[in-house]
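Chemist: Sharing a structure below in structure tokens format, with a few things to ask.
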Amino acid sequence: MTCFKRHALFAVAGGSCALLCMPAAHAVTHVFFNASQTMAVVSSNMTDVTILSSGYLFTYSQDGYFTGGLGGGPIGRFFSVLWPDGVQAQACTEGPLIGTGANIAIKRADRQLFDLQSFTGRILLNTAGAGGAFEIMPQLNGNDAFNNPLQYDCTGYAGWSFPYTTALVGYDTYAIHMWGDFALTQLTLEDASLPPVLQLSLTSSNDVRLQWPSNADGYTLEQNSSLNPTNWVAVTNSLTVVGTNSQVTLPKQNAKEFFRLFLP
């Protein structure tokens, strides 16, 4: 659930440009996972998959080199957790990453800071004999926040769930590890950054130029002839990157137009 949609609104009328609305900074809470949340695959290979949902990137390990076992996977893989029920990480049993365990990394698509308020992990194999723990390492600018990861016990049997309140604040990545297969089935994430600023200007040929930061991943430029909340459509004109900005140029219309950057 996304509790606050981030966007910037501009209007064009005649030859003038007027800023109509800029949202203030809000605490934006995202509660994963539920059936209304969509996701898109960003990348996929033999050892990991990255998906995007609600402005967050989830990169999770997969055992793509393994080809034997029961049911198309290693013996002992009793459960699978598929979107939108959660994200599942597999420990690599073959290939170059063997022995690295199962891993999930969470970050915002715009690379800004966010908080990990709580999570529920579900173990997908038995850990009762050897013991197990979810190991979480917060990271900032590519550096680990602590000398050792934080430990959250998950000793039990395949299918057991372990809820934890973590209240980790102000990092750009949370790397979660376990020696065997596991899934995240609940997450509460919170961020408090401003949305990207949408800039509007007129070119020398009296066209409308729209610019916004090119690192604003996940945002879509939309337009509307009014502020009716149901009539927004994506702008399909060609997008170019100029310096650090994405840019779209449109013919100026005589009628009033509204534009926004929208994060689903």
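Residue names in the structure tokens use chain letters A, B, ... in the order shown, residue numbers from 1 in each chain, and ligand numbers from 1 in the order shown.
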Can you tell me, as an NGL selection string, which residues in stretch 225-256 of chain A count as strand (DSSP E or B) by DSSP?

Modeler: :A and (233-234 or 240-242 or 245-250)

Chemist: If we count only C-alpha atoms, what is near stretch 203-216 of chain A at a cut-off of 10 Å, once residues fewer than 6 positions away on the same chain are taken out, given as a PDB file with C-alpha atoms, in the first residue's frame?

Modeler:
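The result, stored in result-v5.pdb:
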```pdb
ATOM      1  CA  PHE A  10       2.198  22.539 -13.836  1.00  0.00           C
ATOM      2  CA  VAL A  12       0.342  26.123 -19.491  1.00  0.00           C
ATOM      3  CA  GLY A  15       2.300  31.957 -23.372  1.00  0.00           C
ATOM      4  CA  CYS A  17       3.706  28.982 -17.285  1.00  0.00           C
ATOM      5  CA  GLY A  55       9.300   2.978  -6.440  1.00  0.00           C
ATOM      6  CA  ALA A 109      14.605   3.367  -7.453  1.00  0.00           C
ATOM      7  CA  ASP A 110      15.623   7.019  -6.991  1.00  0.00           C
ATOM      8  CA  ARG A 111      18.505   5.937  -4.699  1.00  0.00           C
ATOM      9  CA  GLN A 112      17.293   8.101  -1.807  1.00  0.00           C
ATOM     10  CA  PRO A 195       9.371  14.092  -5.252  1.00  0.00           C
ATOM     11  CA  PRO A 196      11.490  15.167  -8.243  1.00  0.00           C
ATOM     12  CA  VAL A 197      10.814  18.692  -9.467  1.00  0.00           C
ATOM     13  CA  LEU A 239      12.264  11.563 -24.426  1.00  0.00           C
ATOM     14  CA  THR A 240      15.882  12.732 -24.513  1.00  0.00           C
ATOM     15  CA  VAL A 241      18.498  13.087 -21.782  1.00  0.00           C
ATOM     16  CA  VAL A 242      20.280  16.451 -21.563  1.00  0.00           C
ATOM     17  CA  GLY A 243      22.979  16.539 -18.902  1.00  0.00           C
ATOM     18  CA  THR A 244      21.367  15.246 -15.702  1.00  0.00           C
ATOM     19  CA  ASN A 245      17.789  15.867 -16.883  1.00  0.00           C
ATOM     20  CA  SER A 246      15.221  13.936 -18.877  1.00  0.00           C
ATOM     21  CA  GLN A 247      13.477  16.209 -21.394  1.00  0.00           C
ATOM     22  CA  VAL A 248      10.346  16.168 -23.523  1.00  0.00           C
ATOM     23  CA  THR A 249       9.337  18.919 -25.980  1.00  0.00           C
ATOM     24  CA  LEU A 250       5.687  19.388 -27.010  1.00  0.00           C
ATOM     25  CA  PRO A 251       3.866  21.816 -29.312  1.00  0.00           C
ATOM     26  CA  LYS A 252       2.175  24.509 -27.251  1.00  0.00           C
ATOM     27  CA  GLN A 253      -1.616  24.356 -27.380  1.00  0.00           C
ATOM     28  CA  PHE A 259       1.439  18.044 -16.468  1.00  0.00           C
ATOM     29  CA  ARG A 260       2.669  15.881 -13.628  1.00  0.00           C
ATOM     30  CA  LEU A 261       5.305  13.295 -12.735  1.00  0.00           C
ATOM     31  CA  LEU A 263       4.861   7.391  -9.256  1.00  0.00           C
TER      32      LEU A 263
END
```

Chemist: Nearest to A:Arg122: which of A:Asn147, A:Asn45, A:Gln186, A:Thr220 is it, counting only C-alpha atoms?

Modeler: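 Residue with the minimum atom-to-atom distance to A:Arg122: A:Gln186.
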
Chemist: Which of these residues is nearest to A:Ser53, using only C-alpha atoms: A:Tyr174, A:Tyr157, A:Phe258, A:Trp83?

Modeler: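 The shortest atom-to-atom distance to A:Ser53 comes from A:Trp83.
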
Chemist: Identify, on the basis of only C-alpha atoms, every residue whose closest approach to A:Thr38 does not exceed 10 Å; exclude the query and any residue fewer than 2 positions from it along the same chain; express the result as an MDAnalysis selection string.

Modeler: chainID A and resid 33:36 40 52:54 83:84 264

Chemist: Excluding same-chain residues fewer than 2 positions from A:Ser80, what lies within 9 Å of it counting only C-alpha atoms, as a PyMOL selection string?

Modeler: chain A and resi 77-78+82+88+124+183

Chemist: Let me see the file: selected residues, C-alpha atoms, as a CSV table (one decimal), in the first residue's frame.

Modeler:
```
chain,number,residue,atom,x,y,z
A,77,ARG,CA,12.6,-27.0,-1.6
A,78,PHE,CA,9.1,-27.6,-0.2
A,82,LEU,CA,5.5,-15.8,-5.6
A,88,GLN,CA,11.7,-15.3,-2.5
A,124,LEU,CA,11.6,-22.3,3.0
A,183,ALA,CA,11.1,-15.2,1.5
```

Chemist: Quick one: residues within 7 Å of A:Met178, only C-alpha atoms counted, chain neighbours fewer than 2 positions away excluded, as a VMD selection string?

Modeler: chain A and resid 101 to 103 133 to 135 180

Chemist: Would you compute the distance between atom CA of A:Gln151 and atom CA of A:Ile51? Give it in Å to one decimal.

Modeler: 25.5 Å

Chemist: Between A:Ala175, A:Val28, A:Ala158, A:Val169, which is the closest to A:Asp144 once you count only C-alpha atoms?

Modeler: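 Going through A:Ala175, A:Val28, A:Ala158, A:Val169 one by one, the smallest distance to A:Asp144 is for A:Ala175.
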
Chemist: Point out the residue among A:Cys92, A:Leu140, A:Leu116, A:Leu189 with the least atom-to-atom distance to A:His30, counting only C-alpha atoms.

Modeler: A:Leu189
